[in-house]
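Colleague: Right, I'll just put the structure down here and ask away after.
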Amino acid sequence: MSLAHPVLEGNRLALARLLTQIENDSEEGREALNELFPHTGRAHLIGVTGAPGTGKSSLVNHLALYYRRLPRGPARQVAIVAVDPSSPFTGGAILGDRVRMRDLAGDSGVFIRSMASRGSLGGLALATTGVVQALDAAGFEIILIETVGAGQAEVDIARLAHTTLVIEAPGLGDDIQAIKAGILEIADVLVVNKADRPGVEITERALRGMLQLAHPTPHIFRNHYRDHTLGDTLSENTPATDPIIWVPPIQRTIAIEGQGIPELAKAIAKHYQHIKNTGELRRRERSRLRSELDNLLRESLVARWRATVSQEAYDQALHNLVRREISPRQAVDQLLSGGLS
Ligand SMILES: Nc1nc2c(ncn2[C@@H]2O[C@H](COP(=O)(O)OP(=O)(O)OP(=O)(O)O)[C@@H](O)[C@H]2O)c(=O)[nH]1
Ligand SMILES: [Mg+2]
């Protein structure tokens, strides 16, 4: 029996089981996701990325606590997904501020899942997409996705989010870590955490400098989500008028003390409102689903084709390629046109 039904009814055990199926990319997991998909698209997905040790987990925990104890209005259901591409072990990414974690434990309105790499990074990104969809369908209104920001894989995972926080901390070196990885470009809100440490001003000033270089440049927004797709995303989407520019605010926090968290939550809410108002949310959704569709298409087509071609034919093509007898493109043409004759 599919786990989709109990998951929709709020059964947390079923949810945990389903997430494992999704991580293993099992047939049951795929089927359940098919059933759940119509129930997705309601959660606010918040990506939290930055160099190792900047305080991402601590911030995520405090944000979760904040959403659970909103000063006004009912508490929100919060899910935390911690993704650690570098580690085959789970748990590392999520520990953070242990004391606060204890505050979250036992709260049924919070669900925490830690994911580690099982081989390919592409697989991890795909599994994360599925896990987030399941949590969204399960009714979590806020989904915080923590990734250790180092490279393209993290950027891809961050693309999942509606609002991406890039976390910096003073004293991590002369350079601002995230900029080296090109991560500033995906930031919707910049956070200078560890504001109790010396050097906050320097970090903040450096970030401000980078922002001034980057803005106002409308192309950042227009290019933001359109690469890696098979088709053109801009022309038939929302009109190609540039949305009003969102300049990422810089928020100071002291995660371990919970300082600056309400202000950070406010900036996050403001960004969400902004992308809703400008149509950017719909554009991002569409663009994201398009990349997912393209990735799945690519994967399925290759798998289907591989099943029809013999290993010898493939090896032969590779052999000819290595000997420079044919070009890579010619090898592809030969293989696709039914092997080597
Ligand atoms: N002084 C100070 N220390 C902090 C602050 N926030 C986090 N820390 C400490 O910094 C260390 C790393 O915090 P984490 O929250 O685990 O950082 P992280 O970015 O999730 O780390 P990874 O997941 O390993 O990349 C811990 O020892 C925290 O207690 C802060 O605002 N001020
Ligand atoms: Mg962490």
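In the structure tokens, chains take the letters A, B, ... in the order shown, each chain's residues start at 1, and ligands count up from 1 in the order shown.
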For Ala4 in chain A, list every protein, DNA or RNA residue within 9 Å, evaluated using only C-alpha atoms, and leave out those in the same chain fewer than 2 positions away; present the list as a list in words.

Modeller: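 Here the answer would be Met1, Ser2, Pro6, Val7, Leu8, Glu9, Ala14, Leu15, Leu18, Glu31, Ala32, Leu33, Asn34, Glu35, Leu36, Ala134 and Ala138 of chain A.
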
Colleague: Calculated over only C-alpha atoms, which of the candidates A:Ser337, A:Gln330, A:Ser310, A:Gln259 has the smallest distance to Tyr66 in chain A?

Modeller: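 Using only C-alpha atoms, Tyr66 in chain A sits closest to A:Gln259.
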
Colleague: Quick one: of A:Lys56, A:Arg69, A:Arg252, A:Arg284, who's nearest to Arg159 in chain A, counting only C-alpha atoms?

Modeller: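 Nearest candidate to Arg159 in chain A out of A:Lys56, A:Arg69, A:Arg252, A:Arg284: A:Arg284.
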
Colleague: All residues within 9 Å of ligand 1 are required, counting only C-alpha atoms and all ligand atoms; please report them as a PyMOL selection string.

Modeller: chain A and resi 49-61+82-84+92-98+146-149+167-169+192-197+253-259

Colleague: Could you give me, as a CSV table (one decimal) with all heavy atoms, in the first residue's frame, the residues within 12 Å of Gly338 in chain A, counting only C-alpha atoms and dropping anything in the same chain fewer than 2 positions from it?

Modeller:
chain,number,residue,atom,x,y,z
A,305,TRP,N,17.6,4.2,-23.7
A,305,TRP,CA,18.5,3.9,-24.8
A,305,TRP,C,19.6,2.9,-24.5
A,305,TRP,O,19.9,2.0,-25.2
A,305,TRP,CB,19.1,5.3,-25.3
A,305,TRP,CG,20.2,5.0,-26.3
A,305,TRP,CD1,20.0,4.8,-27.6
A,305,TRP,CD2,21.6,5.0,-26.0
A,305,TRP,NE1,21.3,4.6,-28.2
A,305,TRP,CE2,22.2,4.7,-27.2
A,305,TRP,CE3,22.4,5.2,-24.9
A,305,TRP,CZ2,23.6,4.6,-27.3
A,305,TRP,CZ3,23.7,5.0,-25.0
A,305,TRP,CH2,24.3,4.7,-26.2
A,306,ARG,N,20.1,3.0,-23.2
A,306,ARG,CA,21.1,2.1,-22.8
A,306,ARG,C,20.7,0.7,-22.8
A,306,ARG,O,21.4,-0.2,-23.1
A,306,ARG,CB,21.6,2.5,-21.4
A,306,ARG,CG,22.7,3.5,-21.3
A,306,ARG,CD,23.9,3.3,-22.1
A,306,ARG,NE,24.6,2.1,-21.8
A,306,ARG,CZ,25.9,1.9,-21.5
A,306,ARG,NH1,26.6,3.0,-21.4
A,306,ARG,NH2,26.4,0.8,-21.2
A,308,THR,N,18.9,-0.6,-25.0
A,308,THR,CA,18.7,-1.1,-26.4
A,308,THR,C,20.1,-1.3,-27.0
A,308,THR,O,20.1,-1.9,-28.1
A,308,THR,CB,17.9,-0.2,-27.2
A,308,THR,OG1,18.7,1.0,-27.4
A,308,THR,CG2,16.6,0.2,-26.6
A,309,VAL,N,21.1,-0.8,-26.4
A,309,VAL,CA,22.4,-0.9,-27.1
A,309,VAL,C,23.3,-1.9,-26.4
A,309,VAL,O,23.3,-2.0,-25.2
A,309,VAL,CB,23.1,0.5,-27.2
A,309,VAL,CG1,23.7,0.9,-25.9
A,309,VAL,CG2,24.1,0.6,-28.3
A,310,SER,N,24.0,-2.7,-27.2
A,310,SER,CA,24.9,-3.7,-26.6
A,310,SER,C,26.1,-3.1,-26.0
A,310,SER,O,26.6,-2.0,-26.4
A,310,SER,CB,25.3,-4.8,-27.6
A,310,SER,OG,26.2,-4.2,-28.5
A,313,ALA,N,28.9,-2.6,-28.6
A,313,ALA,CA,28.7,-1.5,-29.5
A,313,ALA,C,29.2,-0.2,-28.8
A,313,ALA,O,29.9,0.6,-29.4
A,313,ALA,CB,27.3,-1.3,-29.9
A,314,TYR,N,28.9,-0.1,-27.5
A,314,TYR,CA,29.3,1.0,-26.8
A,314,TYR,C,30.8,1.0,-26.6
A,314,TYR,O,31.5,2.1,-26.8
A,314,TYR,CB,28.6,1.0,-25.4
A,314,TYR,CG,28.9,2.2,-24.6
A,314,TYR,CD1,28.1,3.4,-24.7
A,314,TYR,CD2,30.0,2.3,-23.7
A,314,TYR,CE1,28.3,4.5,-23.9
A,314,TYR,CE2,30.2,3.4,-22.9
A,314,TYR,CZ,29.4,4.5,-23.0
A,314,TYR,OH,29.7,5.6,-22.3
A,317,ALA,N,32.5,2.0,-29.8
A,317,ALA,CA,32.5,3.4,-30.1
A,317,ALA,C,33.5,4.1,-29.3
A,317,ALA,O,34.3,5.0,-29.7
A,317,ALA,CB,31.1,3.9,-29.8
A,331,ALA,N,30.7,9.6,-32.6
A,331,ALA,CA,30.4,8.4,-31.8
A,331,ALA,C,28.9,8.4,-31.4
A,331,ALA,O,28.2,7.3,-31.4
A,331,ALA,CB,31.3,8.3,-30.6
A,332,VAL,N,28.5,9.5,-30.9
A,332,VAL,CA,27.1,9.6,-30.5
A,332,VAL,C,26.2,9.3,-31.7
A,332,VAL,O,25.2,8.5,-31.6
A,332,VAL,CB,26.8,11.0,-30.0
A,332,VAL,CG1,25.3,11.3,-29.8
A,332,VAL,CG2,27.5,11.3,-28.6
A,333,ASP,N,26.4,9.9,-32.9
A,333,ASP,CA,25.6,9.7,-34.0
A,333,ASP,C,25.6,8.2,-34.4
A,333,ASP,O,24.5,7.7,-34.6
A,333,ASP,CB,26.1,10.5,-35.2
A,333,ASP,CG,25.9,12.0,-35.1
A,333,ASP,OD1,25.0,12.3,-34.2
A,333,ASP,OD2,26.5,12.8,-35.8
A,334,GLN,N,26.7,7.6,-34.3
A,334,GLN,CA,26.8,6.1,-34.7
A,334,GLN,C,25.9,5.3,-33.7
A,334,GLN,O,25.2,4.5,-34.1
A,334,GLN,CB,28.2,5.7,-34.7
A,334,GLN,CG,29.0,6.0,-35.9
A,334,GLN,CD,30.4,5.5,-35.9
A,334,GLN,OE1,30.8,4.8,-34.9
A,334,GLN,NE2,31.1,5.8,-36.9
A,335,LEU,N,26.1,5.6,-32.4
A,335,LEU,CA,25.4,4.8,-31.4
A,335,LEU,C,23.9,5.0,-31.5
A,335,LEU,O,23.1,4.1,-31.4
A,335,LEU,CB,25.9,5.2,-30.0
A,335,LEU,CG,27.3,4.6,-29.6
A,335,LEU,CD1,27.8,5.3,-28.4
A,335,LEU,CD2,27.2,3.1,-29.4
A,336,LEU,N,23.5,6.3,-31.7
A,336,LEU,CA,22.1,6.6,-31.8
A,336,LEU,C,21.5,6.0,-33.1
A,336,LEU,O,20.3,5.7,-33.1
A,336,LEU,CB,21.8,8.1,-31.7
A,336,LEU,CG,22.0,8.7,-30.3
A,336,LEU,CD1,21.7,10.2,-30.4
A,336,LEU,CD2,21.1,8.0,-29.3
A,340,LEU,N,27.4,0.4,-34.7
A,340,LEU,CA,28.5,0.5,-35.7
A,340,LEU,C,28.4,-0.5,-36.7
A,340,LEU,O,28.2,-1.7,-36.4
A,340,LEU,CB,29.8,0.4,-34.9
A,340,LEU,CG,30.0,1.4,-33.7
A,340,LEU,CD1,31.0,0.8,-32.8
A,340,LEU,CD2,30.4,2.7,-34.2
A,341,SER,N,28.5,-0.1,-37.9
A,341,SER,CA,28.4,-1.2,-39.0
A,341,SER,C,29.8,-1.3,-39.6
A,341,SER,O,30.7,-0.5,-39.4
A,341,SER,CB,27.3,-0.8,-40.0
A,341,SER,OG,27.5,0.5,-40.3

Colleague: Could you state the separation of CA of His162 in chain A and CA of Ala269 in chain A in Å, given to one decimal place?

Modeller: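 CA of Ala269 in chain A lies 10.8 Å from CA of His162 in chain A.
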
Colleague: Measuring between only C-alpha atoms and all ligand atoms, which one of A:Ser26, A:Ile145, A:Leu45, A:Leu124 shows the shortest distance to ligand 2?

Modeller: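 Checking each of A:Ser26, A:Ile145, A:Leu45, A:Leu124 against ligand 2, counting only C-alpha atoms and all ligand atoms, the winner is A:Ile145.
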
Colleague: Work out how far apart CA of His44 in chain A and CA of Ile142 in chain A are and give it in Å to one decimal.

Modeller: 5.0 Å
